[in-house]
Each structure stands twice: as C-alpha cells, then as structure tokens.
$ cat model-v1.tsv   # TSV, C-alpha atoms and all ligand atoms
chain	number	residue	atom	x	y	z
A	1	MET	CA	8.54	21.95	-7.50
A	2	GLN	CA	8.21	22.77	-11.19
A	3	LEU	CA	5.69	25.06	-12.87
A	4	ILE	CA	4.82	24.07	-16.44
A	5	LYS	CA	2.61	26.33	-18.54
A	6	LEU	CA	1.19	24.95	-21.76
A	7	ASP	CA	-1.00	26.47	-24.45
A	8	LYS	CA	-2.59	23.16	-25.38
A	9	ILE	CA	-2.36	19.57	-24.11
A	10	ASP	CA	-4.61	16.52	-24.21
A	11	SER	CA	-5.03	16.49	-20.43
A	12	THR	CA	-2.98	18.07	-17.64
A	13	ASN	CA	-3.61	14.99	-15.48
A	14	ARG	CA	-2.24	12.72	-18.21
A	15	TYR	CA	0.75	15.05	-18.69
A	16	LEU	CA	1.77	14.68	-15.04
A	17	LYS	CA	1.04	10.95	-14.99
A	18	GLU	CA	3.51	10.52	-17.84
A	19	LYS	CA	6.10	13.02	-16.61
A	20	LYS	CA	9.46	11.60	-15.65
A	21	GLU	CA	10.93	12.66	-12.31
A	22	LEU	CA	7.83	13.97	-10.68
A	23	ASP	CA	8.27	16.14	-7.59
A	24	ASP	CA	5.91	17.26	-4.84
A	25	TYR	CA	3.66	20.11	-6.00
A	26	ASP	CA	4.83	20.00	-9.61
A	27	LEU	CA	2.13	22.04	-11.30
A	28	VAL	CA	0.95	22.04	-14.89
A	29	ILE	CA	-1.42	24.67	-16.23
A	30	ALA	CA	-2.95	24.55	-19.71
A	31	LYS	CA	-4.92	27.16	-21.63
A	32	THR	CA	-6.94	24.43	-23.34
A	33	GLN	CA	-7.17	20.64	-23.29
A	34	THR	CA	-8.05	18.52	-26.29
A	35	ASP	CA	-9.05	15.53	-24.17
A	36	GLY	CA	-9.94	16.91	-20.73
A	37	ARG	CA	-11.06	14.11	-18.47
A	38	GLY	CA	-13.77	14.18	-15.82
A	39	ARG	CA	-14.73	11.57	-13.27
A	40	ARG	CA	-16.25	8.25	-14.37
A	41	GLY	CA	-14.67	8.66	-17.81
A	42	ASN	CA	-16.69	11.78	-18.66
A	43	GLU	CA	-15.32	14.49	-20.88
A	44	TRP	CA	-14.40	17.85	-19.28
A	45	LEU	CA	-15.11	20.88	-21.48
A	46	SER	CA	-11.78	22.68	-21.69
A	47	ASP	CA	-12.22	25.96	-23.52
A	48	GLU	CA	-9.78	28.82	-23.19
A	49	GLY	CA	-10.72	30.99	-20.22
A	50	ALA	CA	-11.13	28.06	-17.84
A	51	ALA	CA	-8.60	27.27	-15.11
A	52	LEU	CA	-7.26	23.85	-16.13
A	53	PHE	CA	-4.48	22.51	-13.95
A	54	SER	CA	-3.03	19.51	-12.17
A	55	PHE	CA	-0.49	19.15	-9.42
A	56	ALA	CA	1.38	16.25	-7.88
A	57	LEU	CA	1.16	15.36	-4.20
A	58	ARG	CA	3.65	12.87	-2.83
A	59	VAL	CA	2.09	9.91	-1.07
A	60	GLY	CA	4.03	10.39	2.14
A	61	SER	CA	3.75	8.57	5.42
A	62	SER	CA	2.15	11.60	7.11
A	63	LEU	CA	-1.22	10.93	5.44
A	64	LYS	CA	-2.90	7.80	6.78
A	65	SER	CA	-4.23	5.54	4.04
A	66	GLU	CA	-7.75	5.71	5.51
A	67	ASP	CA	-7.57	9.47	4.90
A	68	TYR	CA	-6.81	9.16	1.18
A	69	LYS	CA	-10.51	9.42	0.43
A	70	LYS	CA	-10.63	12.80	2.16
A	71	LEU	CA	-8.35	14.35	-0.49
A	72	PRO	CA	-11.21	15.05	-2.94
A	73	LEU	CA	-13.14	16.76	-0.15
A	74	ILE	CA	-10.29	19.06	0.89
A	75	THR	CA	-9.54	19.82	-2.77
A	76	GLY	CA	-13.14	20.87	-3.42
A	77	LEU	CA	-13.10	22.95	-0.26
A	78	ALA	CA	-9.84	24.63	-1.36
A	79	VAL	CA	-11.48	25.61	-4.67
A	80	LEU	CA	-14.56	26.90	-2.89
A	81	GLU	CA	-12.58	28.97	-0.38
A	82	GLY	CA	-10.36	30.32	-3.17
A	83	LEU	CA	-13.35	31.41	-5.26
A	84	LYS	CA	-15.07	32.87	-2.23
A	85	GLU	CA	-12.00	34.95	-1.38
A	86	ILE	CA	-11.31	36.19	-4.88
A	87	THR	CA	-14.92	37.09	-5.75
A	88	GLY	CA	-16.01	38.19	-2.27
A	89	ASN	CA	-19.16	36.11	-2.77
A	90	ASP	CA	-20.20	33.59	-0.15
A	91	LEU	CA	-22.90	31.74	-2.09
A	92	PHE	CA	-20.60	28.95	-3.32
A	93	LYS	CA	-21.68	25.46	-2.28
A	94	PHE	CA	-19.76	22.23	-1.85
A	95	LYS	CA	-21.35	19.27	-3.58
A	96	TRP	CA	-20.03	16.08	-2.02
A	97	THR	CA	-17.57	14.64	-2.97
A	98	ASN	CA	-15.59	17.47	-4.56
A	99	ASP	CA	-17.61	19.74	-6.82
A	100	VAL	CA	-18.27	23.43	-6.34
A	101	TYR	CA	-21.68	24.78	-7.25
A	102	LEU	CA	-23.04	28.27	-7.62
A	103	ASN	CA	-26.71	29.08	-8.15
A	104	ASN	CA	-27.47	25.36	-8.61
A	105	LYS	CA	-24.92	24.94	-11.40
A	106	LYS	CA	-21.52	23.30	-11.40
A	107	ILE	CA	-18.58	25.67	-11.58
A	108	SER	CA	-15.69	23.34	-10.74
A	109	GLY	CA	-14.78	19.65	-10.73
A	110	VAL	CA	-11.86	17.59	-9.45
A	111	LEU	CA	-10.24	14.43	-10.76
A	112	ILE	CA	-7.73	12.71	-8.45
A	113	GLU	CA	-5.72	9.78	-9.73
A	114	LYS	CA	-3.22	7.73	-7.75
A	115	LEU	CA	0.15	6.62	-9.00
A	116	GLU	CA	2.49	4.53	-6.88
A	117	ASP	CA	4.24	7.49	-5.19
A	118	PHE	CA	2.02	10.45	-6.08
A	119	PHE	CA	-1.55	11.58	-6.25
A	120	ILE	CA	-2.31	13.61	-9.36
A	121	ILE	CA	-4.84	16.25	-8.40
A	122	GLY	CA	-6.58	17.71	-11.44
A	123	ILE	CA	-8.88	20.70	-11.15
A	124	GLY	CA	-11.10	22.43	-13.68
A	125	ILE	CA	-12.72	25.77	-12.77
A	126	ASN	CA	-14.95	27.66	-15.16
A	127	VAL	CA	-13.62	31.19	-14.82
A	128	ASN	CA	-13.75	33.34	-17.99
A	129	ASN	CA	-15.25	30.72	-20.35
A	130	LYS	CA	-18.91	31.10	-21.29
A	131	GLU	CA	-19.96	28.27	-23.59
A	132	PHE	CA	-21.29	25.01	-22.18
A	133	GLY	CA	-23.39	23.77	-25.11
A	134	GLU	CA	-25.86	21.12	-24.02
A	135	LEU	CA	-24.61	21.48	-20.42
A	136	ASN	CA	-25.86	25.08	-20.27
A	137	SER	CA	-28.55	24.30	-17.72
A	138	LYS	CA	-26.07	22.44	-15.49
A	139	ALA	CA	-22.78	24.34	-15.73
A	140	THR	CA	-21.73	27.91	-15.21
A	141	SER	CA	-18.65	30.09	-14.83
A	142	ILE	CA	-17.45	33.01	-12.77
A	143	ILE	CA	-17.86	35.44	-15.67
A	144	LYS	CA	-21.43	34.27	-16.35
A	145	GLU	CA	-22.44	34.71	-12.73
A	146	PHE	CA	-20.55	37.90	-11.88
A	147	ASN	CA	-20.09	39.57	-15.27
A	148	GLN	CA	-16.43	40.08	-14.48
A	149	ASP	CA	-13.30	38.28	-15.64
A	150	TYR	CA	-10.51	37.17	-13.32
A	151	ASP	CA	-6.81	36.37	-13.53
A	152	ILE	CA	-6.66	32.60	-13.97
A	153	GLU	CA	-3.17	32.10	-12.57
A	154	GLU	CA	-4.01	34.13	-9.48
A	155	ILE	CA	-6.97	31.80	-8.84
A	156	ILE	CA	-4.82	28.70	-9.37
A	157	ILE	CA	-2.11	29.84	-6.94
A	158	LEU	CA	-4.73	30.80	-4.37
A	159	VAL	CA	-6.46	27.42	-4.66
A	160	ILE	CA	-3.17	25.54	-4.26
A	161	ASN	CA	-2.29	27.58	-1.18
A	162	LYS	CA	-5.71	26.83	0.29
A	163	PHE	CA	-5.16	23.15	-0.50
A	164	LYS	CA	-1.83	23.20	1.37
A	165	THR	CA	-3.55	24.74	4.41
A	166	PHE	CA	-6.27	22.07	4.45
A	167	TYR	CA	-3.80	19.28	3.76
A	168	ASN	CA	-1.67	20.38	6.71
A	169	LYS	CA	-4.78	20.46	8.90
A	170	LEU	CA	-5.66	16.97	7.75
A	171	ILE	CA	-2.28	15.54	8.67
A	172	ASP	CA	-2.33	17.51	11.95
A	173	ASN	CA	-5.50	15.66	12.96
A	174	LYS	CA	-7.68	18.72	12.53
A	175	TRP	CA	-10.16	17.01	10.22
A	176	ASN	CA	-13.08	18.02	12.43
A	177	GLN	CA	-12.48	21.70	11.64
A	178	ILE	CA	-12.50	20.89	7.92
A	179	LEU	CA	-15.62	18.76	8.29
A	180	PHE	CA	-17.43	21.60	10.02
A	181	ASP	CA	-16.65	23.89	7.07
A	182	LEU	CA	-17.62	21.26	4.51
A	183	ASN	CA	-20.98	20.78	6.16
A	184	SER	CA	-21.56	24.52	6.33
A	185	TYR	CA	-21.38	24.55	2.51
A	186	ASN	CA	-23.13	21.18	1.96
A	187	TYR	CA	-25.16	21.59	-1.24
A	188	LEU	CA	-26.88	18.22	-1.05
A	189	ARG	CA	-28.25	18.45	2.49
A	190	GLY	CA	-32.03	18.03	2.48
A	191	LYS	CA	-32.19	17.35	-1.25
A	192	LYS	CA	-33.74	14.21	-2.69
A	193	ILE	CA	-31.09	12.25	-4.55
A	194	THR	CA	-30.92	9.05	-6.54
A	195	ILE	CA	-27.92	6.91	-5.77
A	196	SER	CA	-26.77	4.88	-8.73
A	197	TYR	CA	-24.76	1.75	-7.99
A	198	SER	CA	-22.85	-0.22	-10.61
A	199	TYR	CA	-23.82	-3.54	-9.05
A	200	LYS	CA	-27.41	-3.11	-7.80
A	201	GLU	CA	-30.61	-1.10	-8.30
A	202	ASP	CA	-30.82	2.67	-7.85
A	203	LEU	CA	-31.87	3.93	-4.45
A	204	ASP	CA	-33.69	7.19	-3.61
A	205	GLY	CA	-33.13	9.11	-0.42
A	206	TYR	CA	-32.63	12.47	1.25
A	207	ALA	CA	-29.03	13.59	1.66
A	208	GLY	CA	-27.86	14.57	5.13
A	209	ASP	CA	-24.48	15.53	6.55
A	210	ILE	CA	-21.00	14.60	5.47
A	211	MET	CA	-19.78	12.21	8.15
A	212	GLU	CA	-16.60	11.91	10.20
A	213	ASP	CA	-15.20	9.34	7.74
A	214	GLY	CA	-15.96	11.54	4.70
A	215	MET	CA	-18.99	9.50	3.66
A	216	LEU	CA	-22.42	11.04	3.00
A	217	GLU	CA	-25.39	10.19	5.18
A	218	VAL	CA	-28.61	9.42	3.26
A	219	LEU	CA	-32.06	8.82	4.67
A	220	THR	CA	-33.77	6.12	2.59
A	221	ASP	CA	-36.93	4.06	3.16
A	222	LYS	CA	-34.55	1.29	4.24
A	223	GLY	CA	-33.20	3.54	7.00
A	224	ILE	CA	-30.14	5.78	7.25
A	225	ILE	CA	-27.22	4.63	5.12
A	226	LYS	CA	-23.78	6.05	4.45
A	227	ILE	CA	-22.48	6.23	0.91
A	228	ASP	CA	-18.86	6.12	-0.11
A	229	THR	CA	-17.12	8.06	-2.85
A	230	GLY	CA	-15.95	5.32	-5.16
A	231	GLU	CA	-19.07	3.27	-4.83
A	232	VAL	CA	-21.82	5.54	-6.05
A	233	HIS	CA	-22.85	8.20	-8.44
A	234	ILE	CA	-25.62	10.64	-7.56
A	235	LYS	CA	-27.95	10.87	-10.53
A	236	ASN	CA	-30.80	13.16	-9.69
A	237	ILE	CA	-30.93	16.03	-7.29
A	238	ARG	CA	-34.33	17.44	-6.47
A	239	LYS	CA	-35.52	19.89	-3.89
A	240	TYR	CA	-38.56	18.76	-1.96
A	301	LIG	C1	-15.31	16.10	-12.89
A	301	LIG	O1	-16.05	16.88	-12.32
A	301	LIG	O2	-15.76	15.14	-13.54
A	301	LIG	C2	-13.82	16.29	-12.79
A	301	LIG	C3	-13.29	17.27	-13.79
A	301	LIG	C4	-11.79	17.49	-13.68
A	301	LIG	C5	-11.26	18.32	-14.82
A	301	LIG	C6	-9.83	18.71	-14.66
A	301	LIG	S1	-9.33	19.92	-15.85
A	301	LIG	C7	-7.65	19.72	-15.40
A	301	LIG	C8	-7.44	18.24	-15.17
A	301	LIG	N1	-7.12	17.57	-16.41
A	301	LIG	C9	-8.06	16.70	-16.79
A	301	LIG	O3	-8.04	16.01	-17.84
A	301	LIG	N2	-9.05	16.69	-15.89
A	301	LIG	C10	-8.79	17.59	-14.78
$ encode --input "model-v1.tsv" --output "structure tokens" --more "lines below"
Ligand code: BTN
Amino acid sequence: MQLIKLDKIDSTNRYLKEKKELDDYDLVIAKTQTDGRGRRGNEWLSDEGAALFSFALRVGSSLKSEDYKKLPLITGLAVLEGLKEITGNDLFKFKWTNDVYLNNKKISGVLIEKLEDFFIIGIGINVNNKEFGELNSKATSIIKEFNQDYDIEEIIILVINKFKTFYNKLIDNKWNQILFDLNSYNYLRGKKITISYSYKEDLDGYAGDIMEDGMLEVLTDKGIIKIDTGEVHIKNIRKY
C-alpha cells in the first residue's frame, strides 16, 4: 500500500488508473484537482479545503461479481459513518446510490471505475471549502454547516477504515446488516423522484427502500419497480 500526497493533479482517479504497479489500498490524496470528475461525465468542483482522494481495491475472488454493484453503497455509507463520527452529528443522510447529504444538500460524491484487476474508488467530500458557485443551493460543506474546520487527512483515514469494515462485512455475507444501516439513512424514501432513462421516457414515482440486491424500490403508476444503478439517473427530488 502506497500513500501519495499531491498538491495539484487533474484527477486522483485518473492518476491511479494510469499508475504502474498498482497495489491494494494504494491511496492518492490531492489538495486540488484541475479536472475533477463526477459521475455521468459531470465536473466535480475541487477547491482546496475539500477531501479529494482515490484508492485502489483489488478485484479479488472474495467479492462475488453480483456484489460489485454494492461497492458504491458501502463507500457512501463509509463516508457517512466517518462524517457522523468526526462531527458527532447524526443528521447525515445516504442518497442512493452513494451520495451523502446534509440538510438537503450534497456534501459528498463517489466515482468508482473498474480496471481489469482493480476498482478505483474516488471520493470527494466538501470539508473546509465554501464556494459552490451556481451549485450553492444544491451543495454544502462541513464548514458551512458546522462553522468549524476539520483535519482532512484524519477524515480520509477514518473513511477508508470504515470502508474496510463494511467491505469485510460484505465478503463475510453480512450484507443484511449493511442494508439495515443504509435504509436507516435513506434520504430518498417517501420523496417523489423522476427517473431519467437514456433509452426511454422519464418516469415519476415515490422512492421506497433500498432492496436486498442494492436496487431502489419505486412506486410508480405502473406499479412497484426496482431501479438499478447504472441504468438510471434521478432528476428531480420533491417532498410531497
Ligand atoms: C459524483 O458525485 O458525481 C462523484 C464525484 C466524485 C469526485 C471524486 S474527487 C476525487 C476523485 N477524483 C475524481 O476525479 N473524482 C473523484
């Protein structure tokens, strides 16, 4: 395991993807990114003060391939539990599939990419950064919510340790314990959402629980459906 600390890089995910001789839990931390990547090709604001890091996870035989799609969920949960522990605040919410929300605003996102032998798990947490420009109504940070700054590396190490705990539970067939926790923090439950497909029309519904297989249950006027991570993007979230 190698720890690489950088002042500036295009993207910590890209850095690890291009690194020769990758090892399990190699970790790269950057103070800023010039081309931080989010999911679905979005940009990730990467100002100094944010926790911006990626680590490598070997694709071993202990994780069943049908459980690969649970990695974003346990990563988001690891961030949530880490932030909860460090701030002592239990109002953090888990927004399926891997985001952490606080006071209805996004505080952390996760981008997982798969190479042949490794997953690259990239995490961005808004810690001591304050500027979100046009995303001000949708994004927030620890300092904005709690008026206190935190040690970024301490948060990163804590989150990775939490991840290891959840990953070990996952491979020890203790997914049901994780699922229980995820649902206890489920931000979307009961909210009206619009599901946006790339290949057919949008669909409205009310989000329910996260299911045994990691999918999200949605009540629509066509009945109860389950939505999968790769397939959909949730556009609107409204309370009713
Ligand atoms: C999202 O919510 O869209 C995912 C955001 C993931 C951002 C992190 S920051 C560290 C790592 N490097 C990147 O380029 N992206 C991830």
$ closest_atom_pairs --input "model-v1.tsv" --of "chain A" --to "ligand LIG 301 (chain A)" --cutoff "10 Å" --atoms "only C-alpha atoms and all ligand atoms" --output "Markdown table"
| residue | atom | partner | partner_atom | distance |
| --- | --- | --- | --- | --- |
| A:Ile9 | CA | A:LIG301 | O3 | 9.2 |
| A:Asp10 | CA | A:LIG301 | O3 | 7.3 |
| A:Ser11 | CA | A:LIG301 | O3 | 4.0 |
| A:Thr12 | CA | A:LIG301 | N1 | 4.3 |
| A:Asn13 | CA | A:LIG301 | N1 | 4.5 |
| A:Arg14 | CA | A:LIG301 | O3 | 6.7 |
| A:Tyr15 | CA | A:LIG301 | N1 | 8.6 |
| A:Leu16 | CA | A:LIG301 | N1 | 9.4 |
| A:Val28 | CA | A:LIG301 | C7 | 8.9 |
| A:Ile29 | CA | A:LIG301 | C7 | 8.0 |
| A:Ala30 | CA | A:LIG301 | C7 | 8.0 |
| A:Thr32 | CA | A:LIG301 | S1 | 9.1 |
| A:Gln33 | CA | A:LIG301 | O3 | 7.2 |
| A:Thr34 | CA | A:LIG301 | O3 | 8.8 |
| A:Asp35 | CA | A:LIG301 | O3 | 6.4 |
| A:Gly36 | CA | A:LIG301 | O3 | 3.6 |
| A:Arg37 | CA | A:LIG301 | O3 | 3.6 |
| A:Gly38 | CA | A:LIG301 | O2 | 3.2 |
| A:Arg39 | CA | A:LIG301 | O2 | 3.7 |
| A:Arg40 | CA | A:LIG301 | O2 | 7.0 |
| A:Gly41 | CA | A:LIG301 | O2 | 7.8 |
| A:Asn42 | CA | A:LIG301 | O2 | 6.2 |
| A:Glu43 | CA | A:LIG301 | O2 | 7.4 |
| A:Trp44 | CA | A:LIG301 | C5 | 5.5 |
| A:Leu45 | CA | A:LIG301 | C5 | 8.1 |
| A:Ser46 | CA | A:LIG301 | S1 | 6.9 |
| A:Ala50 | CA | A:LIG301 | S1 | 8.6 |
| A:Ala51 | CA | A:LIG301 | S1 | 7.4 |
| A:Leu52 | CA | A:LIG301 | C7 | 4.2 |
| A:Phe53 | CA | A:LIG301 | C7 | 4.5 |
| A:Ser54 | CA | A:LIG301 | C8 | 5.5 |
| A:Phe55 | CA | A:LIG301 | C8 | 9.1 |
| A:Thr97 | CA | A:LIG301 | O1 | 9.7 |
| A:Asn98 | CA | A:LIG301 | O1 | 7.8 |
| A:Asp99 | CA | A:LIG301 | O1 | 6.4 |
| A:Val100 | CA | A:LIG301 | O1 | 9.1 |
| A:Lys106 | CA | A:LIG301 | O1 | 8.5 |
| A:Ile107 | CA | A:LIG301 | O1 | 9.2 |
| A:Ser108 | CA | A:LIG301 | O1 | 6.7 |
| A:Gly109 | CA | A:LIG301 | O1 | 3.4 |
| A:Val110 | CA | A:LIG301 | C2 | 4.1 |
| A:Leu111 | CA | A:LIG301 | C4 | 4.5 |
| A:Ile112 | CA | A:LIG301 | C10 | 8.1 |
| A:Glu113 | CA | A:LIG301 | C10 | 9.8 |
| A:Ile120 | CA | A:LIG301 | C8 | 9.0 |
| A:Ile121 | CA | A:LIG301 | C8 | 7.5 |
| A:Gly122 | CA | A:LIG301 | C8 | 3.9 |
| A:Ile123 | CA | A:LIG301 | C6 | 4.1 |
| A:Gly124 | CA | A:LIG301 | S1 | 3.8 |
| A:Ile125 | CA | A:LIG301 | S1 | 7.4 |
| A:Asn126 | CA | A:LIG301 | S1 | 9.6 |
$ atom_distance --input "model-v1.tsv" --atom1 "atom CA of Ile4 of chain A" --atom2 "atom CA of Asp24 of chain A"
13.5 Å
$ atom_distance --input "model-v1.tsv" --atom1 "atom CA of Gly60 of chain A" --atom2 "atom CA of Leu83 of chain A"
28.3 Å
$ closest_residue --input "model-v1.tsv" --among "A:Ser137, A:Asn103, A:Ser184, A:Asn129" --to "Lys31 of chain A" --atoms "all atoms listed in the file"
A:Asn129
$ closest_residue --input "model-v1.tsv" --among "A:Asp67, A:Asp181, A:Glu201, A:Asp47" --to "Asn128 of chain A" --atoms "all atoms listed in the file"
A:Asp47
$ closest_residue --input "model-v1.tsv" --among "A:Asp202, A:Glu18, A:Glu212, A:Asp228" --to "Ala56 of chain A" --atoms "all atoms listed in the file"
A:Glu18
$ build_atoms --input "model-v1.tsv" --residues "segment 40-64 of chain A" --atoms "N, CA and C atoms" --output "mmCIF file, in the coordinates of the input"
data_model
loop_
_atom_site.group_PDB
_atom_site.id
_atom_site.type_symbol
_atom_site.label_atom_id
_atom_site.label_comp_id
_atom_site.auth_asym_id
_atom_site.auth_seq_id
_atom_site.Cartn_x
_atom_site.Cartn_y
_atom_site.Cartn_z
ATOM 1 N N ARG A 40 -15.503 9.332 -13.711
ATOM 2 C CA ARG A 40 -16.250 8.250 -14.370
ATOM 3 C C ARG A 40 -16.117 8.277 -15.883
ATOM 4 N N GLY A 41 -14.934 8.700 -16.368
ATOM 5 C CA GLY A 41 -14.670 8.660 -17.810
ATOM 6 C C GLY A 41 -15.371 9.756 -18.608
ATOM 7 N N ASN A 42 -16.009 10.697 -17.929
ATOM 8 C CA ASN A 42 -16.690 11.780 -18.660
ATOM 9 C C ASN A 42 -15.669 12.735 -19.282
ATOM 10 N N GLU A 43 -16.153 13.463 -20.267
ATOM 11 C CA GLU A 43 -15.320 14.490 -20.880
ATOM 12 C C GLU A 43 -15.410 15.755 -20.013
ATOM 13 N N TRP A 44 -14.339 16.560 -19.984
ATOM 14 C CA TRP A 44 -14.400 17.850 -19.280
ATOM 15 C C TRP A 44 -14.194 18.958 -20.315
ATOM 16 N N LEU A 45 -15.211 19.784 -20.509
ATOM 17 C CA LEU A 45 -15.110 20.880 -21.480
ATOM 18 C C LEU A 45 -13.935 21.778 -21.106
ATOM 19 N N SER A 46 -13.028 22.017 -22.047
ATOM 20 C CA SER A 46 -11.780 22.680 -21.690
ATOM 21 C C SER A 46 -11.469 23.857 -22.594
ATOM 22 N N ASP A 47 -12.412 24.779 -22.682
ATOM 23 C CA ASP A 47 -12.220 25.960 -23.520
ATOM 24 C C ASP A 47 -11.255 26.943 -22.872
ATOM 25 N N GLU A 48 -10.643 27.764 -23.715
ATOM 26 C CA GLU A 48 -9.780 28.820 -23.190
ATOM 27 C C GLU A 48 -10.610 29.724 -22.262
ATOM 28 N N GLY A 49 -9.998 30.161 -21.197
ATOM 29 C CA GLY A 49 -10.720 30.990 -20.220
ATOM 30 C C GLY A 49 -10.991 30.220 -18.943
ATOM 31 N N ALA A 50 -10.942 28.881 -19.043
ATOM 32 C CA ALA A 50 -11.130 28.060 -17.840
ATOM 33 C C ALA A 50 -9.779 27.889 -17.136
ATOM 34 N N ALA A 51 -9.818 27.647 -15.838
ATOM 35 C CA ALA A 51 -8.600 27.270 -15.110
ATOM 36 C C ALA A 51 -8.487 25.757 -15.213
ATOM 37 N N LEU A 52 -7.444 25.282 -15.893
ATOM 38 C CA LEU A 52 -7.260 23.850 -16.130
ATOM 39 C C LEU A 52 -5.881 23.489 -15.626
ATOM 40 N N PHE A 53 -5.794 22.765 -14.534
ATOM 41 C CA PHE A 53 -4.480 22.510 -13.950
ATOM 42 C C PHE A 53 -4.461 21.232 -13.134
ATOM 43 N N SER A 54 -3.241 20.703 -12.993
ATOM 44 C CA SER A 54 -3.030 19.510 -12.170
ATOM 45 C C SER A 54 -1.752 19.697 -11.387
ATOM 46 N N PHE A 55 -1.743 19.147 -10.171
ATOM 47 C CA PHE A 55 -0.490 19.150 -9.420
ATOM 48 C C PHE A 55 -0.269 17.791 -8.781
ATOM 49 N N ALA A 56 1.004 17.547 -8.449
ATOM 50 C CA ALA A 56 1.380 16.250 -7.880
ATOM 51 C C ALA A 56 1.500 16.390 -6.369
ATOM 52 N N LEU A 57 1.027 15.384 -5.665
ATOM 53 C CA LEU A 57 1.160 15.360 -4.200
ATOM 54 C C LEU A 57 1.795 14.029 -3.823
ATOM 55 N N ARG A 58 2.953 14.104 -3.172
ATOM 56 C CA ARG A 58 3.650 12.870 -2.830
ATOM 57 C C ARG A 58 2.859 12.067 -1.801
ATOM 58 N N VAL A 59 2.754 10.783 -2.033
ATOM 59 C CA VAL A 59 2.090 9.910 -1.070
ATOM 60 C C VAL A 59 3.100 9.652 0.052
ATOM 61 N N GLY A 60 3.058 10.525 1.052
ATOM 62 C CA GLY A 60 4.030 10.390 2.140
ATOM 63 C C GLY A 60 3.446 9.559 3.264
ATOM 64 N N SER A 61 4.239 9.365 4.300
ATOM 65 C CA SER A 61 3.750 8.570 5.420
ATOM 66 C C SER A 61 2.887 9.404 6.362
ATOM 67 N N SER A 62 2.923 10.758 6.178
ATOM 68 C CA SER A 62 2.150 11.600 7.110
ATOM 69 C C SER A 62 0.640 11.470 6.887
ATOM 70 N N LEU A 63 0.219 11.096 5.680
ATOM 71 C CA LEU A 63 -1.220 10.930 5.440
ATOM 72 C C LEU A 63 -1.582 9.464 5.591
ATOM 73 N N LYS A 64 -2.489 9.197 6.545
ATOM 74 C CA LYS A 64 -2.900 7.800 6.780
ATOM 75 C C LYS A 64 -3.698 7.309 5.578
#
